[in-house]
$ cat upload_38.cif   # mmCIF, C-alpha atoms
data_coords
#
loop_
_atom_site.label_atom_id
_atom_site.label_comp_id
_atom_site.auth_asym_id
_atom_site.auth_seq_id
_atom_site.Cartn_x
_atom_site.Cartn_y
_atom_site.Cartn_z
CA ILE A 1 115.47 92.69 81.98
CA LYS A 2 117.39 91.64 85.02
CA GLU A 3 115.60 92.13 88.34
CA GLY A 4 118.32 94.40 89.73
CA LEU A 5 118.12 96.72 86.73
CA PHE A 6 114.32 96.68 86.63
CA MET A 7 114.04 97.62 90.32
CA GLN A 8 115.91 100.88 89.66
CA PHE A 9 112.78 102.15 87.89
CA VAL A 10 110.36 101.05 90.60
CA GLU A 11 109.35 103.84 92.95
CA PRO A 12 107.89 104.03 96.47
CA ILE A 13 104.51 105.71 96.88
CA LYS A 14 105.37 109.09 98.38
CA ASP A 15 101.86 110.55 98.34
CA VAL A 16 99.58 109.57 101.24
CA LYS A 17 96.50 110.26 99.10
CA LYS A 18 97.69 107.70 96.57
CA ILE A 19 98.17 105.15 99.34
CA GLU A 20 94.56 105.69 100.39
CA GLU A 21 93.42 105.46 96.77
CA MET A 22 95.18 102.11 96.41
CA LYS A 23 93.43 100.74 99.50
CA GLU A 24 90.04 101.88 98.22
CA THR A 25 90.63 100.57 94.70
CA LEU A 26 91.87 97.16 95.82
CA GLY A 27 89.03 96.78 98.33
CA TYR A 28 86.27 97.96 96.01
CA VAL A 29 83.46 95.48 95.39
CA LYS A 30 80.71 96.03 92.82
CA GLU A 31 77.11 95.86 93.93
CA GLY A 32 75.80 92.33 93.67
CA ALA A 33 79.27 90.77 93.92
CA SER A 34 79.52 87.22 95.19
CA GLU A 35 80.94 86.33 98.60
CA LYS A 36 83.97 84.91 96.80
CA GLN A 37 84.59 88.23 95.03
CA GLU A 38 84.17 90.15 98.28
CA LEU A 39 86.78 87.97 99.99
CA GLU A 40 89.18 88.39 97.06
CA ALA A 41 88.85 92.18 97.34
CA LYS A 42 89.60 92.03 101.07
CA ARG A 43 92.61 89.82 100.33
CA ASN A 44 93.91 92.26 97.72
CA ARG A 45 93.51 95.27 99.99
CA PHE A 46 95.18 93.45 102.87
CA LEU A 47 98.07 92.40 100.62
CA PHE A 48 98.80 96.07 99.97
CA VAL A 49 98.31 97.22 103.58
CA PHE A 50 100.45 94.39 104.91
CA GLY A 51 103.20 94.96 102.34
CA ILE A 52 103.64 98.68 103.01
CA ASN A 53 103.73 98.11 106.78
CA ILE A 54 106.01 95.07 107.07
CA GLY A 55 108.91 95.80 104.69
CA LEU A 56 109.32 92.27 103.29
CA ARG A 57 109.82 91.11 99.72
CA ILE A 58 106.64 89.99 98.02
CA SER A 59 108.04 86.45 97.73
CA ASP A 60 108.18 86.26 101.54
CA ILE A 61 104.68 87.70 101.93
CA VAL A 62 102.54 85.60 99.58
CA CYS A 63 103.45 82.29 101.25
CA LEU A 64 102.49 83.30 104.82
CA THR A 65 99.95 81.18 106.67
CA ILE A 66 97.45 82.22 109.32
CA TYR A 67 99.66 80.50 111.90
CA ASP A 68 102.57 82.76 110.95
CA LEU A 69 100.53 85.75 112.15
CA MET A 70 98.22 84.26 114.80
CA ASP A 71 98.93 82.03 117.81
CA GLU A 72 96.91 79.03 119.06
CA ALA A 73 94.84 81.26 121.33
CA GLY A 74 93.65 83.37 118.42
CA GLU A 75 95.79 86.41 119.18
CA VAL A 76 97.92 88.30 116.69
CA ARG A 77 101.57 87.54 117.33
CA GLU A 78 103.79 90.38 118.54
CA HIS A 79 106.47 89.36 116.02
CA LEU A 80 106.57 87.77 112.61
CA ASP A 81 109.41 85.25 112.30
CA ILE A 82 110.46 84.17 108.82
CA VAL A 83 113.44 82.84 106.90
CA GLU A 84 113.92 85.04 103.86
CA GLU A 85 113.64 83.15 100.59
CA LYS A 86 116.33 85.22 98.84
CA THR A 87 118.96 85.36 101.60
CA GLY A 88 118.14 82.33 103.77
CA LYS A 89 118.45 84.62 106.80
CA HIS A 90 116.11 84.56 109.79
CA LYS A 91 114.22 87.77 110.31
CA ARG A 92 112.03 88.85 113.23
CA ILE A 93 109.74 91.81 112.64
CA ARG A 94 107.60 93.48 115.26
CA ILE A 95 103.92 93.87 114.40
CA ASN A 96 102.49 97.24 115.42
CA ASN A 97 98.99 97.66 116.85
CA GLY A 98 97.59 99.23 113.70
CA LEU A 99 98.70 96.31 111.55
CA ALA A 100 97.60 93.83 114.25
CA LYS A 101 94.07 95.23 114.04
CA GLU A 102 94.06 94.84 110.25
CA ILE A 103 95.36 91.26 110.58
CA GLN A 104 92.69 90.34 113.14
CA GLU A 105 89.83 91.74 111.06
CA TYR A 106 91.00 90.11 107.83
CA VAL A 107 91.76 86.71 109.38
CA ASP A 108 88.41 86.62 111.20
CA GLU A 109 86.61 87.09 107.89
CA LEU A 110 88.91 84.72 105.99
CA LEU A 111 88.33 81.90 108.46
CA TYR A 112 84.59 82.43 108.59
CA LYS A 113 83.94 82.77 104.86
CA LYS A 114 86.48 80.25 103.56
CA TYR A 115 86.55 77.67 106.37
CA GLU A 116 83.33 78.41 108.30
CA ILE A 117 85.34 78.93 111.47
CA VAL A 118 84.34 81.51 114.06
CA TYR A 119 87.67 82.67 115.45
CA LYS A 120 86.19 83.75 118.78
CA LYS A 121 85.42 80.11 119.46
CA ILE A 122 89.08 79.20 118.98
CA LYS A 123 89.94 81.75 121.66
CA THR A 124 87.52 80.33 124.23
CA ASP A 125 87.04 76.66 123.42
CA SER A 126 90.09 74.37 123.72
CA GLU A 127 88.36 71.56 121.81
CA THR A 128 87.59 73.86 118.89
CA ARG A 129 91.11 75.26 119.05
CA GLU A 130 92.69 71.82 118.72
CA LYS A 131 90.29 70.80 115.96
CA TYR A 132 91.12 73.74 113.73
CA CYS A 133 94.76 74.26 114.66
CA LYS A 134 95.94 72.14 111.73
CA ILE A 135 93.78 74.15 109.34
CA TYR A 136 95.19 77.53 110.12
CA LYS A 137 98.73 76.18 110.22
CA THR A 138 98.35 75.41 106.52
CA ALA A 139 95.78 78.04 105.49
CA TYR A 140 97.40 80.73 103.37
CA ILE A 141 96.73 84.36 104.17
CA PHE A 142 96.95 85.30 100.49
CA PHE A 143 95.06 82.34 99.07
CA SER A 144 94.62 81.56 95.41
CA ASN A 145 91.28 80.28 94.17
CA LYS A 146 93.23 77.76 92.11
CA GLY A 147 94.68 76.31 95.31
CA GLY A 148 97.73 77.21 97.38
CA HIS A 149 98.76 80.84 97.65
CA LEU A 150 99.13 83.72 95.21
CA THR A 151 102.32 83.61 93.19
CA ARG A 152 104.61 86.62 92.94
CA VAL A 153 103.32 87.19 89.39
CA GLN A 154 99.66 86.99 90.45
CA ALA A 155 100.30 89.45 93.28
CA TYR A 156 102.02 91.81 90.84
CA ARG A 157 99.07 91.73 88.43
CA VAL A 158 96.59 92.52 91.21
CA LEU A 159 98.66 95.44 92.49
CA ASP A 160 99.68 96.70 89.05
CA ASP A 161 96.07 96.91 87.83
CA ALA A 162 95.15 98.99 90.88
CA SER A 163 98.19 101.26 90.51
CA LYS A 164 97.26 102.02 86.92
CA GLU A 165 93.71 102.85 87.93
CA CYS A 166 95.11 105.20 90.60
CA GLY A 167 97.52 106.85 88.15
CA ILE A 168 100.66 105.69 89.97
CA LYS A 169 103.71 105.49 87.73
CA ASN A 170 106.81 103.26 88.05
CA PHE A 171 104.98 100.79 90.27
CA GLY A 172 106.09 97.21 90.92
CA THR A 173 105.93 94.63 93.68
CA HIS A 174 109.04 96.21 95.22
CA SER A 175 107.06 99.43 95.56
CA LEU A 176 105.46 98.00 98.70
CA ARG A 177 108.84 97.44 100.35
CA LYS A 178 110.18 100.74 99.07
CA THR A 179 107.09 102.56 100.35
CA PHE A 180 107.69 101.04 103.77
CA GLY A 181 111.30 102.20 103.60
CA PHE A 182 110.49 105.73 102.43
CA TRP A 183 107.96 106.36 105.19
CA HIS A 184 110.05 104.61 107.83
CA TYR A 185 112.89 106.99 107.04
CA LYS A 186 110.53 109.96 106.95
CA LYS A 187 109.33 109.04 110.44
CA ASP A 188 112.63 108.08 112.09
CA ASN A 189 115.26 109.74 109.88
CA ASP A 190 117.52 106.76 110.71
CA ILE A 191 118.93 105.18 107.56
CA VAL A 192 121.12 102.72 109.51
CA ILE A 193 118.13 100.93 111.06
CA LEU A 194 116.50 100.74 107.64
CA MET A 195 119.72 99.44 106.09
CA GLN A 196 119.80 96.63 108.66
CA LEU A 197 116.11 95.81 108.10
CA PHE A 198 116.74 95.50 104.37
CA ASN A 199 120.08 93.64 104.74
CA HIS A 200 121.80 96.27 102.61
CA SER A 201 125.57 96.68 102.52
CA SER A 202 125.63 100.45 103.06
CA PRO A 203 123.37 103.45 103.79
CA SER A 204 123.91 104.72 100.24
CA VAL A 205 122.44 101.49 98.83
CA THR A 206 119.36 101.96 101.01
CA MET A 207 119.05 105.61 99.99
CA ARG A 208 119.10 104.62 96.34
CA TYR A 209 116.61 101.82 97.02
CA ILE A 210 114.00 104.10 98.57
CA ARG A 211 114.77 106.72 95.92
CA THR A 212 115.73 109.61 98.16
CA MET A 213 118.78 111.47 99.42
CA PRO A 214 119.76 112.60 102.94
CA GLY A 215 117.99 115.83 103.84
CA ASN A 216 115.26 115.41 101.24
CA ILE A 217 112.68 114.32 103.80
CA ARG A 218 112.16 115.09 107.44
CA PRO A 219 109.82 113.64 110.07
CA LYS A 220 106.58 115.60 110.36
CA ASN A 221 104.15 115.62 113.28
CA GLY A 222 105.95 112.78 115.06
CA ARG A 223 105.06 109.18 114.40
CA PHE A 224 103.66 108.22 110.98
CA PHE A 225 101.50 105.17 110.32
CA LEU A 226 100.50 103.95 106.88
CA ILE A 227 97.29 102.64 108.38
CA LYS A 228 95.11 104.08 111.12
CA LYS A 229 97.13 105.31 114.06
CA VAL A 230 96.47 103.48 117.32
CA LYS A 231 98.29 102.81 120.55
CA LYS A 232 102.01 102.25 120.23
CA ARG A 233 103.20 98.69 119.63
CA GLY A 234 105.88 98.62 116.94
CA HIS A 235 107.67 100.60 114.28
CA ILE A 236 105.19 101.47 111.52
#
$ encode --input "upload_38.cif" --output "structure tokens"
Amino acid sequence: IKEGLFMQFVEPIKDVKKIEEMKETLGYVKEGASEKQELEAKRNRFLFVFGINIGLRISDIVCLTIYDLMDEAGEVREHLDIVEEKTGKHKRIRINNGLAKEIQEYVDELLYKKYEIVYKKIKTDSETREKYCKIYKTAYIFFSNKGGHLTRVQAYRVLDDASKECGIKNFGTHSLRKTFGFWHYKKDNDIVILMQLFNHSSPSVTMRYIRTMPGNIRPKNGRFFLIKKVKKRGHI
């Protein structure tokens, strides 16, 4: 099946309870699990949280390094700058405070458990910062235990297994991006901004992509975050 045709049957997650279920399922660790299994679970949960809050294709997510998200001083960057694999276009995306907190917590644990680096030291000690700078410039956020980063197919399997356990139908890797789009529109009710974010040719294409029609959804209770709401920093 061609990707374009297949994506027509992939849906966003429109139920907040299901979003929470996905986080819990992906992050679940059985009692007595190894440190390796615990880190994998944190990676899987963060893959989902990051995907529904950044609006990128999965192929542009899985290859991100720590340096893409964190600066030399150990602070989460205000923007993520990438060149999209599919289009070759540069994209700059603002990172909101809620997502920044998730990034910081996950990266701290990733560095400590996988590389035995205490990130606080990087923030305060210039010698330590220089020593490990090369590591986190090449260390993948979504690591694979076989080396390198998760592939698009591996990411799909992880997310698909969790979606089945949560009873979510018509789920695919594009569901993360579509979920971002659905809730972005629900919050802002501005399809033009979303169309530009997705590099779509028209608002109608974007409407079909997020599987909704004008007037079907309206912002409720102001600003909506797909992770814990904190002080304002970015879009979602």
$ atom_distance --input "upload_38.cif" --atom1 "CA of Arg211 in chain A" --atom2 "CA of Glu11 in chain A"
6.8 Å
$ closest_residue --input "upload_38.cif" --among "A:Asp60, A:Asp160, A:Asp190, A:Glu40" --to "Lys89 in chain A" --atoms "all atoms listed in the file"
A:Asp60
$ atom_distance --input "upload_38.cif" --atom1 "CA of Ile13 in chain A" --atom2 "CA of Gly55 in chain A"
13.4 Å
$ closest_residue --input "upload_38.cif" --among "A:Ile66, A:Met195, A:Leu80, A:Leu150" --to "Asn96 in chain A" --atoms "all atoms listed in the file"
A:Leu80
$ resolve_selection --input "upload_38.cif" --expression "the PyMOL selection byres ((chain A and resi 41) around 8)" --output "NGL selection string"
:A and (26-29 or 37-40 or 42-45)
$ closest_residue --input "upload_38.cif" --among "A:Ile93, A:Val16, A:Ile191, A:Ala162" --to "Glu78 in chain A" --atoms "all atoms listed in the file"
A:Ile93
$ closest_residue --input "upload_38.cif" --among "A:Glu20, A:Asp68, A:Glu165, A:Asp188" --to "Tyr136 in chain A" --atoms "all atoms listed in the file"
A:Asp68
$ atom_distance --input "upload_38.cif" --atom1 "CA of Met207 in chain A" --atom2 "CA of Asp161 in chain A"
27.4 Å
$ closest_residue --input "upload_38.cif" --among "A:Leu64, A:Asp81, A:Gly167, A:Leu56" --to "Thr138 in chain A" --atoms "only C-alpha atoms"
A:Leu64
$ residues_around --input "upload_38.cif" --residues "His90 in chain A" --least-positions-apart "2" --cutoff "12 Å" --atoms "only C-alpha atoms" --output "PDB file with C-alpha atoms, keeping the file's coordinate frame"
ATOM      1  CA  ASP A  60     108.180  86.260 101.540  1.00  0.00           C
ATOM      2  CA  LEU A  80     106.570  87.770 112.610  1.00  0.00           C
ATOM      3  CA  ASP A  81     109.410  85.250 112.300  1.00  0.00           C
ATOM      4  CA  ILE A  82     110.460  84.170 108.820  1.00  0.00           C
ATOM      5  CA  VAL A  83     113.440  82.840 106.900  1.00  0.00           C
ATOM      6  CA  GLU A  84     113.920  85.040 103.860  1.00  0.00           C
ATOM      7  CA  GLU A  85     113.640  83.150 100.590  1.00  0.00           C
ATOM      8  CA  LYS A  86     116.330  85.220  98.840  1.00  0.00           C
ATOM      9  CA  THR A  87     118.960  85.360 101.600  1.00  0.00           C
ATOM     10  CA  GLY A  88     118.140  82.330 103.770  1.00  0.00           C
ATOM     11  CA  ARG A  92     112.030  88.850 113.230  1.00  0.00           C
ATOM     12  CA  ILE A  93     109.740  91.810 112.640  1.00  0.00           C
ATOM     13  CA  LEU A 197     116.110  95.810 108.100  1.00  0.00           C
ATOM     14  CA  ASN A 199     120.080  93.640 104.740  1.00  0.00           C
TER      15      ASN A 199
END
$ residues_around --input "upload_38.cif" --residues "Tyr67 in chain A" --least-positions-apart "4" --cutoff "10 Å" --atoms "only C-alpha atoms" --output "list in words"
Asp71, Glu72, Gly74, Val76, Arg77, Cys133, Lys134, Ile135, Tyr136, Lys137, Thr138, Ala139, Tyr140 and Ile141 of chain A
$ closest_residue --input "upload_38.cif" --among "A:Arg208, A:Arg57, A:Lys30, A:His149" --to "Phe182 in chain A" --atoms "all atoms listed in the file"
A:Arg208
$ residues_around --input "upload_38.cif" --residues "Asn170 in chain A" --least-positions-apart "5" --cutoff "9 Å" --atoms "only C-alpha atoms" --output "mmCIF file with C-alpha atoms, in the coordinates of the input"
data_model
loop_
_atom_site.group_PDB
_atom_site.id
_atom_site.type_symbol
_atom_site.label_atom_id
_atom_site.label_comp_id
_atom_site.auth_asym_id
_atom_site.auth_seq_id
_atom_site.Cartn_x
_atom_site.Cartn_y
_atom_site.Cartn_z
ATOM 1 C CA PHE A 9 112.780 102.150 87.890
ATOM 2 C CA VAL A 10 110.360 101.050 90.600
ATOM 3 C CA GLU A 11 109.350 103.840 92.950
ATOM 4 C CA PRO A 12 107.890 104.030 96.470
ATOM 5 C CA SER A 175 107.060 99.430 95.560
#
$ resolve_selection --input "upload_38.cif" --expression "the PyMOL selection byres ((chain A and resi 194) around 12)" --output "PyMOL selection string"
chain A and resi 54-56+177-178+180-193+195-207+209-210+235-236
